[in-house]
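File shown: model_32.cif. Contents: mmCIF, C-alpha atoms.
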```cif
data_structure
loop_
_atom_site.label_atom_id
_atom_site.label_comp_id
_atom_site.auth_asym_id
_atom_site.auth_seq_id
_atom_site.Cartn_x
_atom_site.Cartn_y
_atom_site.Cartn_z
CA MET A 345 71.00 -52.73 -51.88
CA THR A 346 73.67 -53.66 -54.43
CA ASP A 347 74.23 -56.30 -57.10
CA GLY A 348 71.69 -59.11 -56.87
CA GLY A 349 69.67 -57.30 -54.20
CA VAL A 350 72.11 -58.07 -51.34
CA ASP A 351 71.70 -55.63 -48.46
CA GLU A 352 75.18 -54.21 -47.80
CA GLY A 353 74.21 -53.15 -44.27
CA LYS A 354 73.24 -56.72 -43.44
CA ARG A 355 76.41 -58.06 -45.06
CA ALA A 356 78.62 -55.68 -43.05
CA THR A 357 76.83 -56.56 -39.80
CA LEU A 358 77.16 -60.29 -40.44
CA LYS A 359 80.86 -59.98 -41.34
CA ARG A 360 81.60 -58.00 -38.19
CA PHE A 361 79.96 -60.57 -35.90
CA ALA A 362 81.20 -63.52 -37.98
CA ALA A 363 84.75 -62.40 -37.22
CA LEU A 364 83.91 -62.62 -33.51
CA GLY A 365 82.28 -66.00 -34.03
CA ALA A 366 85.27 -67.37 -35.90
CA ALA A 367 87.50 -66.26 -33.02
CA THR A 368 85.32 -67.87 -30.35
CA PRO A 369 87.22 -70.75 -28.74
CA LEU A 370 85.86 -74.29 -28.92
CA VAL A 371 83.35 -73.45 -31.65
CA ARG A 372 83.94 -75.08 -35.02
CA LEU A 373 81.10 -74.61 -37.41
CA SER A 374 80.62 -76.58 -40.59
CA THR A 375 81.59 -74.79 -43.77
CA ASP A 376 78.64 -74.32 -46.06
CA ASP A 377 76.85 -71.43 -47.68
CA ALA A 378 75.23 -70.38 -44.41
CA SER A 379 78.27 -70.69 -42.14
CA GLU A 380 78.88 -66.93 -42.16
CA VAL A 381 75.40 -66.34 -40.74
CA ARG A 382 75.95 -68.97 -38.03
CA GLU A 383 79.38 -67.56 -37.20
CA ALA A 384 77.77 -64.12 -36.96
CA ILE A 385 75.19 -65.46 -34.50
CA VAL A 386 77.90 -67.10 -32.39
CA GLY A 387 79.93 -63.87 -32.45
CA TYR A 388 76.89 -61.80 -31.58
CA LEU A 389 76.09 -64.03 -28.60
CA ALA A 390 79.71 -63.88 -27.44
CA ALA A 391 79.32 -60.08 -27.26
CA THR A 392 75.63 -60.01 -26.24
CA PRO A 393 74.94 -63.12 -24.15
CA GLY A 394 71.34 -63.43 -23.01
CA ALA A 395 69.89 -61.68 -26.05
CA HIS A 396 66.38 -62.84 -26.87
CA PHE A 397 65.24 -64.04 -30.26
CA SER A 398 63.81 -60.83 -31.71
CA LYS A 399 66.74 -58.68 -30.58
CA LEU A 400 69.20 -61.09 -32.14
CA ARG A 401 67.15 -61.25 -35.35
CA ASP A 402 66.78 -57.47 -35.60
CA ASP A 403 70.37 -56.60 -34.69
CA LEU A 404 71.73 -59.06 -37.28
CA LYS A 405 69.12 -57.96 -39.85
CA LEU A 406 67.91 -61.53 -40.38
CA GLY A 407 64.47 -62.84 -41.28
CA THR A 408 62.41 -64.71 -38.70
CA GLY A 409 62.56 -68.08 -40.46
CA GLU A 410 66.24 -67.64 -41.24
CA THR A 411 66.98 -66.87 -37.58
CA GLN A 412 64.97 -69.86 -36.34
CA HIS A 413 66.72 -72.20 -38.77
CA HIS A 414 70.23 -71.11 -37.80
CA LEU A 415 69.54 -71.07 -34.06
CA ARG A 416 68.18 -74.64 -34.23
CA ARG A 417 71.24 -75.74 -36.18
CA LEU A 418 73.63 -74.07 -33.74
CA GLU A 419 71.88 -75.67 -30.76
CA ARG A 420 72.00 -79.06 -32.47
CA ASP A 421 75.75 -78.53 -33.03
CA ASP A 422 76.17 -77.61 -29.33
CA ALA A 423 77.53 -74.16 -30.21
CA ILE A 424 74.80 -72.27 -28.34
CA GLU A 425 72.11 -72.96 -25.76
CA HIS A 426 68.96 -71.22 -24.60
CA ARG A 427 67.12 -70.61 -21.37
CA LYS A 428 63.43 -69.74 -21.00
CA ASP A 429 62.95 -66.40 -19.26
CA GLY A 430 59.24 -65.71 -18.93
CA GLU A 431 57.97 -64.99 -22.42
CA TYR A 432 61.53 -64.80 -23.78
CA LYS A 433 63.91 -67.44 -24.99
CA ARG A 434 67.42 -66.16 -24.26
CA TYR A 435 70.49 -67.46 -26.05
CA PHE A 436 74.04 -68.00 -24.79
CA PRO A 437 77.30 -69.50 -26.02
CA ALA A 438 77.11 -73.16 -24.95
CA GLY A 439 78.65 -74.14 -21.61
CA ARG A 440 79.97 -70.68 -20.85
CA PHE A 441 77.61 -69.40 -18.13
CA SER A 442 76.25 -70.92 -14.94
CA ALA A 443 72.50 -70.95 -14.31
CA PHE A 444 72.95 -67.98 -11.96
CA GLU A 445 74.88 -66.02 -14.60
CA GLN A 446 72.25 -66.82 -17.23
CA ARG A 447 69.48 -65.54 -14.95
CA ALA A 448 71.55 -62.46 -14.13
CA LEU A 449 72.22 -61.70 -17.80
CA GLY A 450 68.53 -62.10 -18.58
CA TYR A 451 67.62 -59.49 -15.97
CA LEU A 452 70.50 -57.22 -16.97
CA ARG A 453 68.99 -57.20 -20.48
CA ARG A 454 65.79 -55.62 -19.02
CA GLU A 455 66.00 -51.88 -18.51
CA THR A 456 64.36 -51.41 -15.10
CA PRO A 457 65.96 -54.42 -13.33
CA ARG A 458 69.34 -53.47 -14.84
CA ARG A 459 69.06 -49.90 -13.55
CA MET A 460 68.07 -51.19 -10.13
CA LEU A 461 70.98 -53.63 -9.96
CA VAL A 462 73.44 -51.00 -11.19
CA ALA A 463 72.20 -48.55 -8.52
CA LEU A 464 72.72 -51.21 -5.85
CA LEU A 465 76.16 -52.15 -7.17
CA ARG A 466 77.14 -48.47 -7.09
CA ASP A 467 75.86 -48.01 -3.53
CA PRO A 468 74.75 -51.02 -1.47
CA GLU A 469 73.16 -48.63 1.07
CA VAL A 470 70.87 -46.99 -1.51
CA THR A 471 67.23 -46.61 -0.41
CA GLY A 472 64.13 -47.74 -2.27
CA SER A 473 63.33 -44.13 -3.16
CA GLU A 474 66.84 -43.61 -4.53
CA ILE A 475 66.56 -46.81 -6.56
CA ALA A 476 63.24 -45.58 -7.98
CA ALA A 477 64.86 -42.28 -8.95
CA ALA A 478 67.87 -44.02 -10.54
CA ALA A 479 65.62 -46.40 -12.48
CA ASP A 480 63.16 -43.59 -13.33
CA VAL A 481 60.20 -45.64 -12.07
CA SER A 482 57.72 -45.53 -9.19
CA ARG A 483 58.36 -47.10 -5.79
CA SER A 484 55.67 -49.69 -6.60
CA SER A 485 57.61 -50.68 -9.74
CA VAL A 486 60.76 -51.05 -7.64
CA SER A 487 58.86 -53.35 -5.26
CA LYS A 488 57.45 -55.38 -8.15
CA TYR A 489 60.83 -55.88 -9.83
CA ALA A 490 62.59 -56.45 -6.49
CA ALA A 491 60.24 -59.39 -5.87
CA LYS A 492 61.13 -60.83 -9.29
CA LEU A 493 64.85 -60.31 -8.70
CA GLU A 494 64.55 -61.98 -5.30
CA SER A 495 62.68 -64.91 -6.82
CA ALA A 496 65.49 -65.24 -9.40
CA GLY A 497 68.09 -65.35 -6.61
CA LEU A 498 69.68 -62.03 -7.59
CA LEU A 499 68.44 -59.88 -4.72
CA SER A 500 67.79 -60.24 -1.00
CA ARG A 501 65.12 -58.15 0.70
CA THR A 502 65.78 -59.41 4.23
CA ASP A 503 67.22 -56.11 5.45
CA GLY A 504 66.54 -53.51 2.79
CA TYR A 505 67.82 -54.41 -0.67
CA ALA A 506 71.07 -56.34 -1.21
CA VAL A 507 72.50 -57.80 -4.41
CA GLU A 508 73.30 -61.52 -4.18
CA ARG A 509 76.81 -62.37 -5.43
CA PRO A 510 77.66 -58.74 -6.22
CA GLU A 511 81.13 -59.62 -7.52
CA THR A 512 79.62 -61.88 -10.19
CA LEU A 513 77.05 -59.23 -11.16
CA LEU A 514 79.74 -56.54 -11.36
CA ILE A 515 81.93 -58.73 -13.58
CA LEU A 516 79.01 -59.35 -15.96
CA VAL A 517 78.09 -55.66 -16.09
CA VAL A 518 81.69 -54.62 -16.75
CA ARG A 519 82.41 -57.34 -19.31
CA TYR A 520 79.27 -56.73 -21.38
CA ALA A 521 78.62 -53.06 -20.54
CA ASP A 522 78.54 -51.94 -24.17
CA SER A 523 75.67 -54.34 -24.86
CA PHE A 524 73.54 -53.09 -21.96
CA GLY A 525 73.09 -49.34 -21.70
CA PRO A 526 74.66 -46.06 -20.62
CA GLU A 527 74.27 -46.71 -16.88
CA ALA A 528 76.19 -50.00 -17.30
CA VAL A 529 78.93 -48.25 -19.28
CA GLU A 530 79.22 -45.58 -16.56
CA LEU A 531 79.50 -48.27 -13.89
CA ALA A 532 82.10 -50.15 -15.94
CA ASP A 533 84.14 -46.97 -16.38
CA ALA A 534 84.17 -46.47 -12.61
CA ALA A 535 84.44 -50.18 -11.67
CA ASP A 536 87.89 -49.82 -10.11
CA GLU A 537 86.25 -47.72 -7.37
CA PHE A 538 84.08 -50.69 -6.39
CA VAL A 539 86.76 -53.39 -6.40
CA SER A 540 89.39 -53.77 -3.72
CA TYR A 541 92.31 -56.15 -3.55
CA ASP A 542 93.60 -57.16 -0.16
CA PRO A 543 96.23 -59.91 -0.42
#
```
Represent the structure contained in this file as structure tokens.
Amino acid sequence: MTDGGVDEGKRATLKRFAALGAATPLVRLSTDDASEVREAIVGYLAATPGAHFSKLRDDLKLGTGETQHHLRRLERDDAIEHRKDGEYKRYFPAGRFSAFEQRALGYLRRETPRRMLVALLRDPEVTGSEIAAAADVSRSSVSKYAAKLESAGLLSRTDGYAVERPETLLILVVRYADSFGPEAVELADAADEFVSYDP
């Protein structure tokens, strides 16, 4: 804390994400006393699309009521949008992601489904046991999450396990790797091994 009780950690976090928000194309926020907070939210969602309410609130060091107020305002101004994902409400920059990409980002924000998808992106021939080992879960957990991923249109279980639209998933993992986890960063670092160009 410093003069007037302002938390310097919160101020630095907001300024860092506000700079991203101010640089986000097609977003013009009104200028008032709270515009830095709203720009920070927009910047945060540009770097962490699909974040749910409490993660956004905690990462930006905001209060619950403050977060609710600014998210409502940003949605009203068509700067952001949300999608219900089970018990979560996930937020995205407005008009930037398709419904498939929003579902994919929601599942990539969950540790076990993300690890499963990353394992399958690394090796499409990976077995259920190998997926369980990579995700550090039981085979029954793999089956449970595979059913959810299939229901979301991200996975096919017709002949083993296969990622639907793997190119789209790989692009999302690579683009937002730093906001996911170490397995996503490792995949992003090695992504050129998984992409081929044949003109």
Considering all atoms listed in the file, return as a VMD selection string whatever protein or nucleic-acid residues lie within 10 Å of Arg509 of chain A, sequence-local ones (same chain, fewer than 2 positions apart) excluded. chain A and resid 444 497 to 499 506 to 507 511 to 514
With all atoms listed in the file as the counted atoms, please give the residues lying no more than 7 Å from Ala528 of chain A, apart from itself and same-chain residues fewer than 4 positions off, as a PyMOL selection string. chain A and resi 462+517+521+524+532
message = Once the PyMOL selection byres ((chain A and resi 433-440) around 9) is applied to the coordinates I shared, what remains selected? I want it as a ChimeraX atom specification.
response = /A:386-387,389-390,392-397,400,415,419,422-432,441-442,446,450
Please identify all polymer residues lying at most 12 Å from the point (61.4, -51.2, -8.1) (file coordinates), using only C-alpha atoms, and present the result as a PyMOL selection string. chain A and resi 455-461+463-464+471-494+499+501+505
*Closest to Arg417 of chain A among A:Leu449, A:Ala391, A:Val381, A:Ala443, using all atoms listed in the file?*
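With all atoms listed in the file as the atom set, the closest residue is A:Val381.
Across the model, the gap from atom CA of Pro510 of chain A to atom CA of Leu531 of chain A is 13.1 Å.
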Task: Straight-line distance linking atom CA of Arg416 of chain A with atom CA of Leu516 of chain A, stated in Å to one decimal - done: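 Atom CA of Leu516 of chain A lies at a distance of 26.2 Å from atom CA of Arg416 of chain A.
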From atom CA of Ile385 of chain A to atom CA of Asp421 of chain A the spacing works out at 13.2 Å
Rebuild all heavy atoms on segment 462-473 of chain A, as a PDB file, keeping the file's coordinate frame?
```pdb
ATOM      1  N   VAL A 462      72.299 -51.917 -11.063  1.00  0.00           N
ATOM      2  CA  VAL A 462      73.440 -51.000 -11.190  1.00  0.00           C
ATOM      3  C   VAL A 462      73.449 -50.013 -10.028  1.00  0.00           C
ATOM      4  O   VAL A 462      74.506 -49.739  -9.432  1.00  0.00           O
ATOM      5  CB  VAL A 462      73.430 -50.287 -12.558  1.00  0.00           C
ATOM      6  CG1 VAL A 462      74.398 -49.105 -12.573  1.00  0.00           C
ATOM      7  CG2 VAL A 462      73.787 -51.264 -13.675  1.00  0.00           C
ATOM      8  N   ALA A 463      72.270 -49.477  -9.660  1.00  0.00           N
ATOM      9  CA  ALA A 463      72.200 -48.550  -8.520  1.00  0.00           C
ATOM     10  C   ALA A 463      72.685 -49.221  -7.244  1.00  0.00           C
ATOM     11  O   ALA A 463      73.421 -48.621  -6.451  1.00  0.00           O
ATOM     12  CB  ALA A 463      70.769 -48.043  -8.354  1.00  0.00           C
ATOM     13  N   LEU A 464      72.302 -50.487  -7.048  1.00  0.00           N
ATOM     14  CA  LEU A 464      72.720 -51.210  -5.850  1.00  0.00           C
ATOM     15  C   LEU A 464      74.199 -51.591  -5.888  1.00  0.00           C
ATOM     16  O   LEU A 464      74.856 -51.642  -4.842  1.00  0.00           O
ATOM     17  CB  LEU A 464      71.857 -52.463  -5.664  1.00  0.00           C
ATOM     18  CG  LEU A 464      70.469 -52.181  -5.099  1.00  0.00           C
ATOM     19  CD1 LEU A 464      69.512 -53.331  -5.396  1.00  0.00           C
ATOM     20  CD2 LEU A 464      70.559 -51.922  -3.601  1.00  0.00           C
ATOM     21  N   LEU A 465      74.726 -51.863  -7.065  1.00  0.00           N
ATOM     22  CA  LEU A 465      76.160 -52.150  -7.170  1.00  0.00           C
ATOM     23  C   LEU A 465      76.977 -50.893  -6.898  1.00  0.00           C
ATOM     24  O   LEU A 465      78.044 -50.958  -6.296  1.00  0.00           O
ATOM     25  CB  LEU A 465      76.492 -52.706  -8.561  1.00  0.00           C
ATOM     26  CG  LEU A 465      76.018 -54.136  -8.831  1.00  0.00           C
ATOM     27  CD1 LEU A 465      76.184 -54.493 -10.305  1.00  0.00           C
ATOM     28  CD2 LEU A 465      76.770 -55.143  -7.955  1.00  0.00           C
ATOM     29  N   ARG A 466      76.451 -49.754  -7.334  1.00  0.00           N
ATOM     30  CA  ARG A 466      77.140 -48.470  -7.090  1.00  0.00           C
ATOM     31  C   ARG A 466      77.143 -48.142  -5.604  1.00  0.00           C
ATOM     32  O   ARG A 466      78.126 -47.642  -5.067  1.00  0.00           O
ATOM     33  CB  ARG A 466      76.435 -47.339  -7.825  1.00  0.00           C
ATOM     34  CG  ARG A 466      76.810 -47.212  -9.260  1.00  0.00           C
ATOM     35  CD  ARG A 466      76.228 -45.910  -9.818  1.00  0.00           C
ATOM     36  NE  ARG A 466      76.746 -45.653 -11.119  1.00  0.00           N
ATOM     37  CZ  ARG A 466      77.941 -45.166 -11.381  1.00  0.00           C
ATOM     38  NH1 ARG A 466      78.761 -44.884 -10.400  1.00  0.00           N
ATOM     39  NH2 ARG A 466      78.344 -44.975 -12.613  1.00  0.00           N
ATOM     40  N   ASP A 467      76.006 -48.372  -4.938  1.00  0.00           N
ATOM     41  CA  ASP A 467      75.860 -48.010  -3.530  1.00  0.00           C
ATOM     42  C   ASP A 467      74.966 -49.022  -2.834  1.00  0.00           C
ATOM     43  O   ASP A 467      73.743 -48.935  -2.913  1.00  0.00           O
ATOM     44  CB  ASP A 467      75.258 -46.602  -3.417  1.00  0.00           C
ATOM     45  CG  ASP A 467      75.078 -46.169  -1.970  1.00  0.00           C
ATOM     46  OD1 ASP A 467      75.490 -46.905  -1.046  1.00  0.00           O
ATOM     47  OD2 ASP A 467      74.495 -45.082  -1.762  1.00  0.00           O
ATOM     48  N   PRO A 468      75.545 -49.985  -2.139  1.00  0.00           N
ATOM     49  CA  PRO A 468      74.750 -51.020  -1.470  1.00  0.00           C
ATOM     50  C   PRO A 468      73.804 -50.475  -0.402  1.00  0.00           C
ATOM     51  O   PRO A 468      72.874 -51.163   0.017  1.00  0.00           O
ATOM     52  CB  PRO A 468      75.808 -51.940  -0.845  1.00  0.00           C
ATOM     53  CG  PRO A 468      77.048 -51.692  -1.620  1.00  0.00           C
ATOM     54  CD  PRO A 468      76.980 -50.265  -2.044  1.00  0.00           C
ATOM     55  N   GLU A 469      74.016 -49.229   0.041  1.00  0.00           N
ATOM     56  CA  GLU A 469      73.160 -48.630   1.070  1.00  0.00           C
ATOM     57  C   GLU A 469      72.016 -47.807   0.471  1.00  0.00           C
ATOM     58  O   GLU A 469      71.266 -47.165   1.211  1.00  0.00           O
ATOM     59  CB  GLU A 469      74.008 -47.713   1.974  1.00  0.00           C
ATOM     60  CG  GLU A 469      75.194 -48.394   2.634  1.00  0.00           C
ATOM     61  CD  GLU A 469      74.778 -49.537   3.542  1.00  0.00           C
ATOM     62  OE1 GLU A 469      73.771 -49.391   4.261  1.00  0.00           O
ATOM     63  OE2 GLU A 469      75.443 -50.580   3.512  1.00  0.00           O
ATOM     64  N   VAL A 470      71.878 -47.816  -0.836  1.00  0.00           N
ATOM     65  CA  VAL A 470      70.870 -46.990  -1.510  1.00  0.00           C
ATOM     66  C   VAL A 470      69.469 -47.373  -1.022  1.00  0.00           C
ATOM     67  O   VAL A 470      69.193 -48.533  -0.734  1.00  0.00           O
ATOM     68  CB  VAL A 470      71.004 -47.127  -3.050  1.00  0.00           C
ATOM     69  CG1 VAL A 470      70.553 -48.492  -3.528  1.00  0.00           C
ATOM     70  CG2 VAL A 470      70.282 -46.037  -3.785  1.00  0.00           C
ATOM     71  N   THR A 471      68.593 -46.369  -0.893  1.00  0.00           N
ATOM     72  CA  THR A 471      67.230 -46.610  -0.410  1.00  0.00           C
ATOM     73  C   THR A 471      66.303 -46.947  -1.584  1.00  0.00           C
ATOM     74  O   THR A 471      66.644 -46.726  -2.743  1.00  0.00           O
ATOM     75  CB  THR A 471      66.674 -45.357   0.291  1.00  0.00           C
ATOM     76  OG1 THR A 471      66.520 -44.309  -0.679  1.00  0.00           O
ATOM     77  CG2 THR A 471      67.589 -44.906   1.416  1.00  0.00           C
ATOM     78  N   GLY A 472      65.120 -47.443  -1.244  1.00  0.00           N
ATOM     79  CA  GLY A 472      64.130 -47.740  -2.270  1.00  0.00           C
ATOM     80  C   GLY A 472      63.768 -46.522  -3.095  1.00  0.00           C
ATOM     81  O   GLY A 472      63.601 -46.597  -4.312  1.00  0.00           O
ATOM     82  N   SER A 473      63.647 -45.369  -2.446  1.00  0.00           N
ATOM     83  CA  SER A 473      63.330 -44.130  -3.160  1.00  0.00           C
ATOM     84  C   SER A 473      64.460 -43.745  -4.110  1.00  0.00           C
ATOM     85  O   SER A 473      64.220 -43.283  -5.238  1.00  0.00           O
ATOM     86  CB  SER A 473      63.095 -42.979  -2.182  1.00  0.00           C
ATOM     87  OG  SER A 473      61.963 -43.238  -1.392  1.00  0.00           O
TER      88      SER A 473
END
```
